[in-house]
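Printed here is structure.txt (compact mmCIF, C-alpha atoms):
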# COMPACT_ATOMS: atom_id res chain seq x y z
CA SER A 23 -17.51 -11.44 -2.47
CA LEU A 24 -16.14 -8.72 -4.72
CA TYR A 25 -18.85 -8.73 -7.36
CA CYS A 26 -21.81 -6.55 -7.91
CA SER A 27 -24.83 -8.81 -7.48
CA LEU A 28 -26.98 -6.59 -9.71
CA CYS A 29 -24.47 -6.28 -12.54
CA PRO A 30 -24.99 -8.89 -15.31
CA TYR A 31 -21.90 -7.72 -17.13
CA CYS A 32 -19.72 -8.44 -14.08
CA LEU A 33 -21.36 -11.81 -13.40
CA LYS A 34 -21.01 -13.01 -16.95
CA SER A 35 -17.48 -11.75 -17.43
CA LYS A 36 -16.35 -13.44 -14.16
CA VAL A 37 -14.82 -10.27 -12.79
CA ASN A 38 -16.31 -11.42 -9.46
CA TYR A 39 -13.45 -13.91 -9.22
CA ILE A 40 -10.85 -11.19 -8.73
CA ALA A 41 -10.77 -11.97 -4.98
CA PRO A 42 -8.60 -15.13 -5.21
CA LEU A 43 -6.06 -13.21 -7.29
CA VAL A 44 -5.90 -10.31 -4.82
CA PHE A 45 -5.60 -12.74 -1.89
CA CYS A 46 -2.90 -14.94 -3.39
CA ALA A 47 -0.84 -12.01 -4.69
CA GLN A 48 -0.84 -10.28 -1.31
CA VAL A 49 0.23 -13.43 0.55
CA ALA A 50 3.12 -13.67 -1.90
CA SER A 51 3.91 -9.99 -1.37
CA SER A 52 3.96 -10.47 2.41
CA PHE A 53 6.45 -13.32 2.03
CA PHE A 54 8.66 -11.15 -0.17
CA ASP A 55 8.55 -8.12 2.16
CA THR A 56 9.70 -10.12 5.18
CA ALA A 57 12.39 -11.96 3.20
CA LEU A 58 13.76 -8.71 1.74
CA GLN A 59 13.75 -6.95 5.11
CA MET A 60 15.68 -9.77 6.80
CA VAL A 61 18.14 -10.26 3.91
CA VAL A 62 18.99 -6.53 4.00
CA LYS A 63 19.47 -6.69 7.78
CA GLU A 64 21.81 -9.69 7.50
CA ARG A 65 23.87 -8.21 4.65
CA CYS A 66 24.21 -4.84 6.43
CA ALA A 67 25.11 -6.36 9.82
CA ASN A 68 27.71 -4.33 11.69
CA PRO A 69 28.85 -4.21 15.35
CA ASP A 70 28.27 -0.46 15.22
CA ARG A 71 24.48 -0.18 15.33
CA ASP A 72 24.42 3.36 13.91
CA THR A 73 26.52 2.30 10.93
CA GLU A 74 24.21 -0.66 10.39
CA GLN A 75 21.12 1.55 10.52
CA LYS A 76 22.60 4.02 8.05
CA ALA A 77 23.47 1.17 5.65
CA ILE A 78 19.93 -0.25 5.92
CA THR A 79 18.20 3.12 5.44
CA ASN A 80 20.48 4.06 2.54
CA PHE A 81 19.67 0.79 0.77
CA ASN A 82 15.95 1.20 1.48
CA MET A 83 16.00 4.79 0.23
CA THR A 84 17.65 3.89 -3.09
CA PHE A 85 15.50 0.77 -3.49
CA ASN A 86 12.27 2.68 -2.80
CA MET A 87 13.15 5.57 -5.09
CA VAL A 88 13.89 3.23 -8.00
CA PHE A 89 10.74 1.30 -7.07
CA LYS A 90 8.66 4.47 -7.35
CA PHE A 91 10.30 6.00 -10.40
CA MET A 92 10.46 3.05 -12.81
CA PRO A 93 6.69 2.32 -13.23
CA ILE A 94 5.73 5.85 -14.31
CA VAL A 95 5.68 5.46 -18.11
CA PRO A 96 4.76 1.73 -18.27
CA ALA A 97 1.85 2.23 -15.86
CA ILE A 98 0.40 5.08 -17.94
CA ILE A 99 0.61 2.99 -21.11
CA LEU A 100 -1.02 -0.02 -19.43
CA ALA A 101 -3.78 2.17 -17.97
CA LYS A 102 -4.66 3.54 -21.42
CA VAL A 103 -4.76 0.01 -22.81
CA GLY A 104 -7.04 -1.05 -19.95
CA ASP A 105 -9.42 1.86 -20.52
CA ARG A 106 -9.87 0.72 -24.11
CA GLY A 107 -11.54 -2.41 -22.79
CA TYR A 108 -8.55 -4.72 -22.23
CA ARG A 109 -9.00 -4.78 -18.47
CA LYS A 110 -6.79 -7.83 -17.92
CA VAL A 111 -3.66 -6.22 -19.40
CA PRO A 112 -2.93 -3.79 -16.49
CA ILE A 113 -3.17 -6.79 -14.15
CA VAL A 114 -1.39 -9.54 -16.07
CA VAL A 115 1.67 -7.55 -17.19
CA PRO A 116 2.58 -6.35 -13.66
CA LEU A 117 2.22 -9.94 -12.40
CA VAL A 118 4.92 -10.93 -14.89
CA GLY A 119 7.15 -8.31 -13.31
CA TYR A 120 6.30 -9.52 -9.83
CA PHE A 121 7.18 -13.10 -10.77
CA LEU A 122 10.52 -12.23 -12.38
CA SER A 123 11.64 -9.74 -9.73
CA ARG A 124 10.76 -12.04 -6.83
CA GLY A 125 12.68 -14.79 -8.56
CA LEU A 126 15.73 -12.53 -8.54
CA LEU A 127 15.57 -12.29 -4.73
CA LEU A 128 15.50 -16.08 -4.54
CA LEU A 129 18.58 -16.31 -6.76
CA ASP A 130 20.33 -13.68 -4.66
CA ILE A 131 19.73 -15.73 -1.50
CA VAL A 132 20.73 -19.07 -3.00
CA LEU A 133 23.77 -17.86 -4.95
CA GLU A 134 24.81 -15.26 -2.33
CA TRP A 135 25.09 -12.43 -4.82
CA PRO A 136 25.99 -8.92 -3.55
CA LEU A 137 23.18 -6.91 -2.00
CA GLN A 138 23.44 -4.34 -4.79
CA VAL A 139 22.07 -6.92 -7.24
CA LEU A 140 18.70 -6.43 -5.58
CA TYR A 141 18.47 -2.94 -7.07
CA ALA A 142 17.42 -4.79 -10.24
CA VAL A 143 14.27 -5.97 -8.43
CA PRO A 144 12.44 -2.62 -8.61
CA VAL A 145 13.72 -2.08 -12.14
CA ILE A 146 12.16 -5.31 -13.45
CA HIS A 147 9.07 -4.74 -11.33
CA GLY A 148 8.66 -1.16 -12.54
CA LEU A 149 9.19 -1.84 -16.25
CA CYS A 150 6.14 -4.11 -16.09
CA GLY A 151 3.96 -1.42 -14.52
CA GLY A 152 4.50 -2.27 -10.87
CA PHE A 153 1.96 -1.98 -8.10
CA ALA A 154 0.63 1.29 -9.55
CA SER A 155 -0.64 -0.51 -12.64
CA TYR A 156 -1.70 -3.71 -10.88
CA TRP A 157 -3.74 -2.06 -8.14
CA ALA A 158 -5.20 0.57 -10.46
CA GLY A 159 -6.36 -2.27 -12.72
CA VAL A 160 -8.02 -4.04 -9.81
CA MET A 161 -9.65 -0.82 -8.60
CA ALA A 162 -10.94 -0.07 -12.11
CA LEU A 163 -12.67 -3.44 -12.28
CA VAL A 164 -14.26 -3.00 -8.87
CA SER A 165 -15.40 0.55 -9.67
CA VAL A 166 -16.97 -0.42 -12.99
CA CYS A 167 -18.98 -3.10 -11.21
CA SER A 168 -20.45 -0.94 -8.47
CA GLY A 169 -22.84 1.96 -8.13
CA GLU A 170 -21.85 5.34 -6.79
CA GLU A 171 -23.60 4.89 -3.44
CA GLU A 172 -21.95 1.57 -2.62
CA ARG A 173 -18.54 2.20 -4.17
CA SER A 174 -16.75 3.09 -0.92
CA VAL A 175 -17.79 -0.21 0.62
CA ARG A 176 -16.93 -2.17 -2.55
CA ILE A 177 -13.45 -0.71 -2.69
CA MET A 178 -12.96 -1.23 1.04
CA ARG A 179 -14.11 -4.84 0.60
CA THR A 180 -11.33 -5.34 -1.91
CA GLU A 181 -8.92 -3.77 0.54
CA LEU A 182 -10.30 -6.15 3.19
CA VAL A 183 -9.35 -9.21 1.14
CA TYR A 184 -5.98 -7.57 0.57
CA GLY A 185 -5.56 -7.00 4.30
CA ILE A 186 -6.64 -10.48 5.39
CA ALA A 187 -4.16 -12.00 2.94
CA GLY A 188 -1.41 -9.72 4.20
CA PHE A 189 -2.23 -10.60 7.81
CA ILE A 190 -2.08 -14.35 7.19
CA GLY A 191 1.00 -14.13 5.00
CA SER A 192 2.88 -11.90 7.43
CA LEU A 193 2.12 -14.14 10.40
CA ALA A 194 3.54 -17.13 8.56
CA SER A 195 6.43 -15.35 6.87
CA GLY A 196 8.68 -15.00 9.91
CA HIS A 197 8.42 -18.69 10.72
CA LEU A 198 8.99 -19.72 7.11
CA PHE A 199 12.07 -17.50 6.90
CA ASN A 200 13.65 -19.39 9.80
CA LEU A 201 13.18 -22.74 8.03
CA TYR A 202 16.46 -23.91 6.53
CA THR A 203 18.78 -26.90 6.35
CA VAL A 204 22.43 -27.44 5.57
CA ASP A 205 21.62 -27.49 1.86
CA ILE A 206 18.93 -24.78 1.89
CA LYS A 207 19.88 -21.27 2.97
CA GLN A 208 17.83 -19.24 5.40
CA GLY A 209 15.08 -17.37 3.59
CA ALA A 210 15.19 -19.57 0.49
CA ILE A 211 12.02 -21.48 1.42
CA LEU A 212 10.07 -18.28 2.13
CA SER A 213 11.24 -16.69 -1.11
CA SER A 214 10.42 -19.86 -3.06
CA PHE A 215 6.84 -19.80 -1.80
CA SER A 216 6.56 -16.15 -2.86
CA VAL A 217 7.74 -16.97 -6.40
CA LEU A 218 5.40 -19.98 -6.60
CA LEU A 219 2.36 -17.97 -5.50
CA TYR A 220 3.07 -15.21 -8.01
CA PHE A 221 3.37 -17.85 -10.74
CA LEU A 222 -0.06 -19.21 -9.76
CA CYS A 223 -1.46 -15.66 -9.79
CA LEU A 224 -0.07 -15.11 -13.25
CA LEU A 225 -1.64 -18.32 -14.55
CA TYR A 226 -4.97 -17.45 -12.93
CA ALA A 227 -5.04 -13.91 -14.35
CA ALA A 228 -3.96 -15.02 -17.83
CA PHE A 229 -6.21 -18.07 -18.27
CA PHE A 230 -9.03 -18.05 -15.70
CA LEU A 231 -9.89 -14.38 -15.19
CA GLN A 232 -12.07 -14.03 -18.27
CA VAL A 233 -13.47 -10.69 -19.40
CA ASP A 234 -15.89 -10.34 -22.31
CA PHE A 235 -14.46 -7.31 -24.08
CA SER A 236 -17.54 -6.67 -26.22
CA GLU A 237 -19.82 -6.46 -23.19
CA PHE A 238 -17.33 -4.33 -21.32
CA GLY A 239 -17.25 -1.95 -24.24
CA GLU A 240 -21.04 -1.86 -24.31
CA ARG A 241 -21.12 -1.01 -20.61
CA GLN A 242 -18.48 1.66 -21.06
CA GLU A 243 -20.38 3.26 -23.92
CA ARG A 244 -23.40 3.42 -21.65
CA ARG A 245 -21.32 5.27 -19.07
CA GLU A 246 -19.89 7.50 -21.81
CA SER A 247 -23.39 8.63 -22.71
CA VAL A 248 -23.89 9.69 -19.10
CA GLY A 249 -20.47 11.35 -19.00
CA ILE A 250 -19.05 13.05 -15.97
CA ILE A 251 -21.54 13.51 -13.15
CA ASN A 252 -21.59 17.29 -13.57
CA HIS A 253 -20.14 19.19 -16.49
CA GLU A 254 -19.18 22.12 -14.31
CA ALA A 255 -15.78 23.55 -13.51
CA ARG A 256 -16.13 22.52 -9.89
CA ASP A 257 -15.74 18.86 -10.90
CA LYS A 258 -12.19 19.59 -12.02
CA ILE A 259 -11.61 21.44 -8.76
CA ASN A 260 -12.95 18.46 -6.81
CA ILE A 261 -10.64 16.10 -8.69
CA ALA A 262 -7.65 18.36 -8.04
CA LEU A 263 -8.48 18.63 -4.33
CA LEU A 264 -8.87 14.85 -4.01
CA PHE A 265 -5.51 14.34 -5.69
CA VAL A 266 -3.85 16.86 -3.36
CA SER A 267 -5.45 15.29 -0.29
CA GLY A 268 -4.35 11.81 -1.31
CA ILE A 269 -0.80 12.94 -2.10
CA LEU A 270 -0.36 14.83 1.17
CA TYR A 271 -1.72 11.97 3.26
CA ASP A 272 0.45 9.46 1.42
CA ILE A 273 3.52 11.65 2.08
CA ALA A 274 2.73 11.67 5.80
CA VAL A 275 2.04 7.94 6.00
CA ALA A 276 4.68 6.56 3.63
CA GLY A 277 7.50 8.62 5.14
CA GLY A 278 6.82 7.36 8.64
CA MET A 279 6.22 3.75 7.64
CA GLU A 280 9.38 3.53 5.52
CA MET A 281 11.49 4.59 8.50
CA LEU A 282 9.57 2.23 10.78
CA ALA A 283 10.88 -0.73 8.76
CA ALA A 284 14.42 0.16 9.84
CA TYR A 285 13.45 1.38 13.32
CA VAL A 286 12.23 -2.05 14.47
CA LEU A 287 15.54 -3.67 13.47
CA LYS A 288 17.60 -1.56 15.88
CA ASP A 289 17.83 -1.47 19.66
CA PRO A 290 15.79 -1.41 21.81
CA LEU A 291 13.42 -3.52 19.68
CA ASN A 292 16.05 -5.37 17.58
CA TRP A 293 13.49 -7.64 15.93
CA GLY A 294 14.16 -10.97 14.25
CA ALA A 295 12.27 -12.58 11.37
CA THR A 296 9.35 -13.78 13.53
CA GLU A 297 8.77 -10.36 15.10
CA VAL A 298 9.08 -8.66 11.70
CA GLY A 299 6.36 -10.97 10.38
CA TYR A 300 4.11 -10.18 13.33
CA GLY A 301 4.73 -6.45 12.88
CA ASN A 302 3.78 -6.63 9.19
CA ALA A 303 0.69 -8.62 10.19
CA ALA A 304 -0.32 -5.82 12.55
CA GLY A 305 -0.12 -3.42 9.62
CA SER A 306 -2.29 -5.69 7.50
CA LEU A 307 -4.81 -5.99 10.33
CA LEU A 308 -5.61 -2.32 9.78
CA PHE A 309 -7.29 -3.23 6.49
CA ILE A 310 -9.77 -5.34 8.46
CA THR A 311 -10.47 -2.78 11.18
CA SER A 312 -10.77 0.02 8.62
CA PHE A 313 -13.26 -2.03 6.60
CA ILE A 314 -15.40 -2.67 9.67
CA ALA A 315 -15.24 1.03 10.49
CA VAL A 316 -16.38 2.03 6.99
CA LYS A 317 -19.33 -0.39 7.21
CA MET A 318 -20.27 1.01 10.61
CA PHE A 319 -19.89 4.65 9.58
CA THR A 320 -21.83 4.05 6.36
CA ARG A 321 -24.77 2.61 8.30
CA CYS A 322 -24.65 5.65 10.56
CA SER A 323 -24.79 7.89 7.46
CA VAL A 324 -21.36 9.39 8.11
CA ARG A 325 -20.16 11.35 5.09
CA ASP A 326 -17.11 10.19 3.12
CA GLU A 327 -15.29 13.42 3.95
CA SER A 328 -15.81 12.83 7.69
CA MET A 329 -14.51 9.27 7.41
CA VAL A 330 -11.34 10.56 5.74
CA MET A 331 -10.72 12.94 8.66
CA ILE A 332 -11.31 10.15 11.22
CA GLY A 333 -8.74 7.98 9.47
CA MET A 334 -6.17 10.77 9.38
CA VAL A 335 -6.54 11.53 13.11
CA SER A 336 -6.25 7.81 13.90
CA PHE A 337 -2.95 7.55 12.04
CA ALA A 338 -1.60 10.81 13.50
CA ALA A 339 -2.22 9.63 17.08
CA GLY A 340 -0.74 6.17 16.50
CA ILE A 341 2.43 7.31 14.71
CA TYR A 342 2.97 9.96 17.39
CA PHE A 343 3.02 7.37 20.18
CA MET A 344 5.28 5.19 17.99
CA ALA A 345 8.03 7.77 18.53
CA PHE A 346 8.28 6.71 22.18
CA VAL A 347 8.12 2.93 21.69
CA THR A 348 10.86 1.01 23.52
CA THR A 349 9.37 -2.50 23.80
CA THR A 350 7.49 -4.85 21.48
CA PRO A 351 4.21 -4.66 23.49
CA MET A 352 4.38 -0.86 23.27
CA TYR A 353 4.81 -1.16 19.50
CA PHE A 354 1.62 -3.17 19.11
CA LEU A 355 -0.20 -0.80 21.48
CA ALA A 356 0.79 2.13 19.26
CA ARG A 357 -0.31 0.15 16.21
CA SER A 358 -3.71 -0.45 17.80
CA ILE A 359 -4.33 3.31 17.91
CA THR A 360 -4.09 3.43 14.10
CA LEU A 361 -7.13 1.16 13.70
CA PHE A 362 -8.80 3.49 11.19
CA ALA A 363 -5.66 4.73 9.43
CA LEU A 364 -6.48 3.02 6.12
CA ILE A 365 -9.92 4.58 5.70
CA PRO A 366 -8.79 7.72 3.78
CA MET A 367 -7.20 6.19 0.66
CA PRO A 368 -10.04 3.90 -0.54
CA THR A 369 -12.55 6.61 0.38
CA ILE A 370 -10.62 9.16 -1.67
CA ARG A 371 -10.55 6.68 -4.59
CA SER A 372 -14.31 6.23 -4.27
CA LEU A 373 -14.93 9.98 -4.28
CA LEU A 374 -12.59 10.33 -7.25
CA SER A 375 -14.36 7.62 -9.24
CA LYS A 376 -17.62 9.56 -8.89
CA GLN A 377 -16.07 12.52 -10.70
CA VAL A 378 -14.90 10.72 -13.87
CA LYS A 379 -16.32 8.56 -16.65
CA GLY A 380 -16.25 4.79 -16.43
CA THR A 381 -13.86 4.64 -19.37
CA SER A 382 -11.38 6.80 -17.45
CA TYR A 383 -11.15 4.77 -14.23
CA GLY A 384 -7.90 3.07 -15.21
CA ILE A 385 -5.92 6.18 -16.13
CA THR A 386 -7.38 8.12 -13.18
CA PHE A 387 -6.39 5.53 -10.59
CA VAL A 388 -2.96 4.97 -12.10
CA MET A 389 -2.28 8.72 -12.17
CA LEU A 390 -3.24 8.87 -8.50
CA GLN A 391 -0.79 6.06 -7.67
CA LEU A 392 1.94 7.66 -9.76
CA SER A 393 1.39 11.04 -8.11
CA PHE A 394 2.11 9.34 -4.78
CA LYS A 395 5.34 7.95 -6.17
CA LEU A 396 6.50 11.23 -7.67
CA ALA A 397 5.87 13.06 -4.42
CA SER A 398 7.71 10.43 -2.41
CA LEU A 399 10.77 10.75 -4.67
CA VAL A 400 11.30 14.06 -2.89
CA THR A 401 10.10 13.17 0.60
CA THR A 402 11.81 9.76 0.97
CA PRO A 403 15.36 11.23 0.98
CA ILE A 404 14.21 13.97 3.38
CA TYR A 405 12.74 11.48 5.87
CA THR A 406 15.83 9.27 5.54
CA VAL A 407 18.28 12.11 6.22
CA ILE A 408 16.25 13.31 9.23
CA TYR A 409 16.12 9.77 10.63
CA GLN A 410 19.88 9.29 10.22
CA LYS A 411 20.69 12.67 11.76
CA THR A 412 18.58 11.93 14.86
CA LEU A 413 19.70 8.32 15.43
CA ASP A 414 21.91 9.25 18.39
CA THR A 415 19.51 11.73 19.97
CA PHE A 416 15.87 10.89 19.24
CA PRO A 417 15.30 8.30 16.45
CA GLY A 418 11.53 8.61 16.85
CA PHE A 419 11.57 12.28 15.86
CA VAL A 420 10.68 11.43 12.24
CA PHE A 421 7.41 9.86 13.47
CA ILE A 422 6.48 13.06 15.30
CA LEU A 423 7.03 15.01 12.07
CA SER A 424 4.74 12.57 10.26
CA SER A 425 2.12 13.03 13.00
CA ILE A 426 2.26 16.84 12.88
CA PHE A 427 1.93 16.82 9.11
CA THR A 428 -1.12 14.54 9.26
CA ILE A 429 -2.83 16.60 11.95
CA ILE A 430 -2.40 19.81 9.95
CA LEU A 431 -3.74 18.05 6.87
CA SER A 432 -6.77 16.62 8.71
CA THR A 433 -7.80 20.00 10.14
CA GLY A 434 -7.07 21.96 6.98
CA ILE A 435 -4.35 24.42 6.11
CA ASP A 436 -6.57 27.28 7.26
CA ASN A 437 -6.93 25.73 10.71
CA VAL A 438 -3.29 25.38 11.68
CA GLN A 439 -4.05 26.81 15.13
CA ASP A 440 -6.60 24.04 15.75
CA ALA A 441 -4.05 21.50 14.55
CA LEU A 442 -1.48 22.77 17.04
CA TRP A 443 -4.02 22.54 19.86
CA LEU A 444 -4.76 18.94 18.86
CA TYR A 445 -1.05 18.18 18.83
CA PHE A 446 -0.69 19.77 22.27
CA ALA A 447 -3.42 17.42 23.52
CA LEU A 448 -1.38 14.48 22.26
CA LEU A 449 1.64 15.77 24.17
CA VAL A 450 -0.41 15.95 27.37
CA MET A 451 -1.75 12.42 26.84
CA GLN A 452 1.77 11.07 26.31
CA SER A 453 3.15 12.77 29.43
CA VAL A 454 0.29 11.36 31.50
Starting from the coordinates I provided, produce the structure as structure tokens.
Amino acid sequence: SLYCSLCPYCLKSKVNYIAPLVFCAQVASSFFDTALQMVVKERCANPDRDTEQKAITNFNMTFNMVFKFMPIVPAIILAKVGDRGYRKVPIVVPLVGYFLSRGLLLLDIVLEWPLQVLYAVPVIHGLCGGFASYWAGVMALVSVCSGEEERSVRIMRTELVYGIAGFIGSLASGHLFNLYTVDIKQGAILSSFSVLLYFLCLLYAAFFLQVDFSEFGERQERRESVGIINHEARDKINIALLFVSGILYDIAVAGGMEMLAAYVLKDPLNWGATEVGYGNAAGSLLFITSFIAVKMFTRCSVRDESMVMIGMVSFAAGIYFMAFVTTTPMYFLARSITLFALIPMPTIRSLLSKQVKGTSYGITFVMLQLSFKLASLVTTPIYTVIYQKTLDTFPGFVFILSSIFTIILSTGIDNVQDALWLYFALLVMQSV
């Protein structure tokens, strides 16, 4: 469960029932991701595979940049409201955006509107705070309800529920997408389920997720009296370093994964809806393996900083081998190498939460999410251009760049020589 068994404020305010919301919302998100990916592929279909890939990546680039830019101001406003004690607001408002934007995809499928209409999806989603506000709100609740020593595991447990839901939803999504009749278009059933689940999430968050504001405020005041762990300048330095580490790792991961969504749709993989669902499920499975790893490492008294490095190396190795994938089994083999790739982010959030006051969790987490988005506004076009330029020669080159960047980050900027030796070892392993 996601509650702190020793926290009377959490038990009484029913924050422990956040798990069903996280689970249901992620299943809905998995349905939407598969539906969107397949709709874009169908609308961009072209006998010339390179032209098709460029159309898909151009759409994805514009969609993702709008998706990342729009939530900036709304998410900051919602985070400040949440930190004043209204913890439901940063969760409920984004769910409204999820519901409306996912409904637009359904209308686009049923009414066969132009693909460009879907650019309104991230606009609606972002104006309501988007994922940055929603996930920061969830993380703030979990952090408030856990002690410093157990916070990494608590946050990873939330990510575990998120991952299990994504795994189940992704497995089913490909099959649901293929369900259609003469009167019901392909993808309409899958998209309908996504809209329905988000509507249920919205009802649950608005009417069943009850938080006693007076007791929350009392708990926050207690944390305020304690203040920041240390009132020294090094706390600010620690916060800055954690932000930089998170941003750099997100740049490495997000860039590679965004291109991977288009890579699997082209030859030699040329996936359909079912394979896309299975591929997304493999990504969600990493939440489970990373959670198990954190539990194991915690019992072995492995430091948080060491766990972050393990996760980075795991991703770097997996995304490197992804560059040479030519068959579906090879894809899943490369994915299996990234078993610990999701350890760094929740661990960084845990370390960050130990540096700030309880009343600042919301704004801190949302600023972290927004910093990822701002950084990716620059890197997404760069990754896209590199991928398009290397389509005819070596389309997996962008994954090698992502791997090199992650290795350098994991060993430290001052240890670039060690990073290059580690990368050389990967080259030897691949050739063997």
Pairwise distance for atom CA of Val298 of chain A and atom CA of Ser192 of chain A, rounded to one decimal in Å: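 Computing the Euclidean distance for atom CA of Val298 of chain A and atom CA of Ser192 of chain A yields 8.2 Å.
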Counting only C-alpha atoms, I want the residues whose atoms come within 12 Å of (11.7, -4.0, -7.9) in the file frame, returned as a PyMOL selection string. chain A and resi 51+54-55+58+82+84-93+116+118-127+139-153
In the coordinates of the file, take the point (-5.0, -0.7, 18.0) and a cut-off of 10 Å; then, counting all atoms listed in the file, name each qualifying protein, DNA or RNA residue as a compact mmCIF listing (two decimals) with C-alpha atoms, in the coordinates of the input.
# COMPACT_ATOMS: atom_id res chain seq x y z
CA ALA A 304 -0.32 -5.82 12.55
CA LEU A 307 -4.81 -5.99 10.33
CA LEU A 308 -5.61 -2.32 9.78
CA THR A 311 -10.47 -2.78 11.18
CA SER A 336 -6.25 7.81 13.90
CA GLY A 340 -0.74 6.17 16.50
CA TYR A 353 4.81 -1.16 19.50
CA PHE A 354 1.62 -3.17 19.11
CA LEU A 355 -0.20 -0.80 21.48
CA ALA A 356 0.79 2.13 19.26
CA ARG A 357 -0.31 0.15 16.21
CA SER A 358 -3.71 -0.45 17.80
CA ILE A 359 -4.33 3.31 17.91
CA THR A 360 -4.09 3.43 14.10
CA LEU A 361 -7.13 1.16 13.70
CA PHE A 362 -8.80 3.49 11.19
Find the residues around Met281 of chain A up to 8 Å (all atoms listed in the file counted), leave out those fewer than 5 positions away in its own chain, and share them as a short mmCIF file (atom, residue, chain, number, x, y, z; two decimals) with C-alpha atoms, in the coordinates of the input.
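Output file around_39.cif follows:
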data_model
loop_
_atom_site.label_atom_id
_atom_site.label_comp_id
_atom_site.auth_asym_id
_atom_site.auth_seq_id
_atom_site.Cartn_x
_atom_site.Cartn_y
_atom_site.Cartn_z
CA THR A 79 18.20 3.12 5.44
CA TYR A 405 12.74 11.48 5.87
CA THR A 406 15.83 9.27 5.54
CA TYR A 409 16.12 9.77 10.63
CA VAL A 420 10.68 11.43 12.24
#
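Minimum atom-to-atom distance to Met389 of chain A, evaluated using only C-alpha atoms, belongs to A:Leu374 out of A:Met178, A:Ile211, A:Leu374, A:Ala57.
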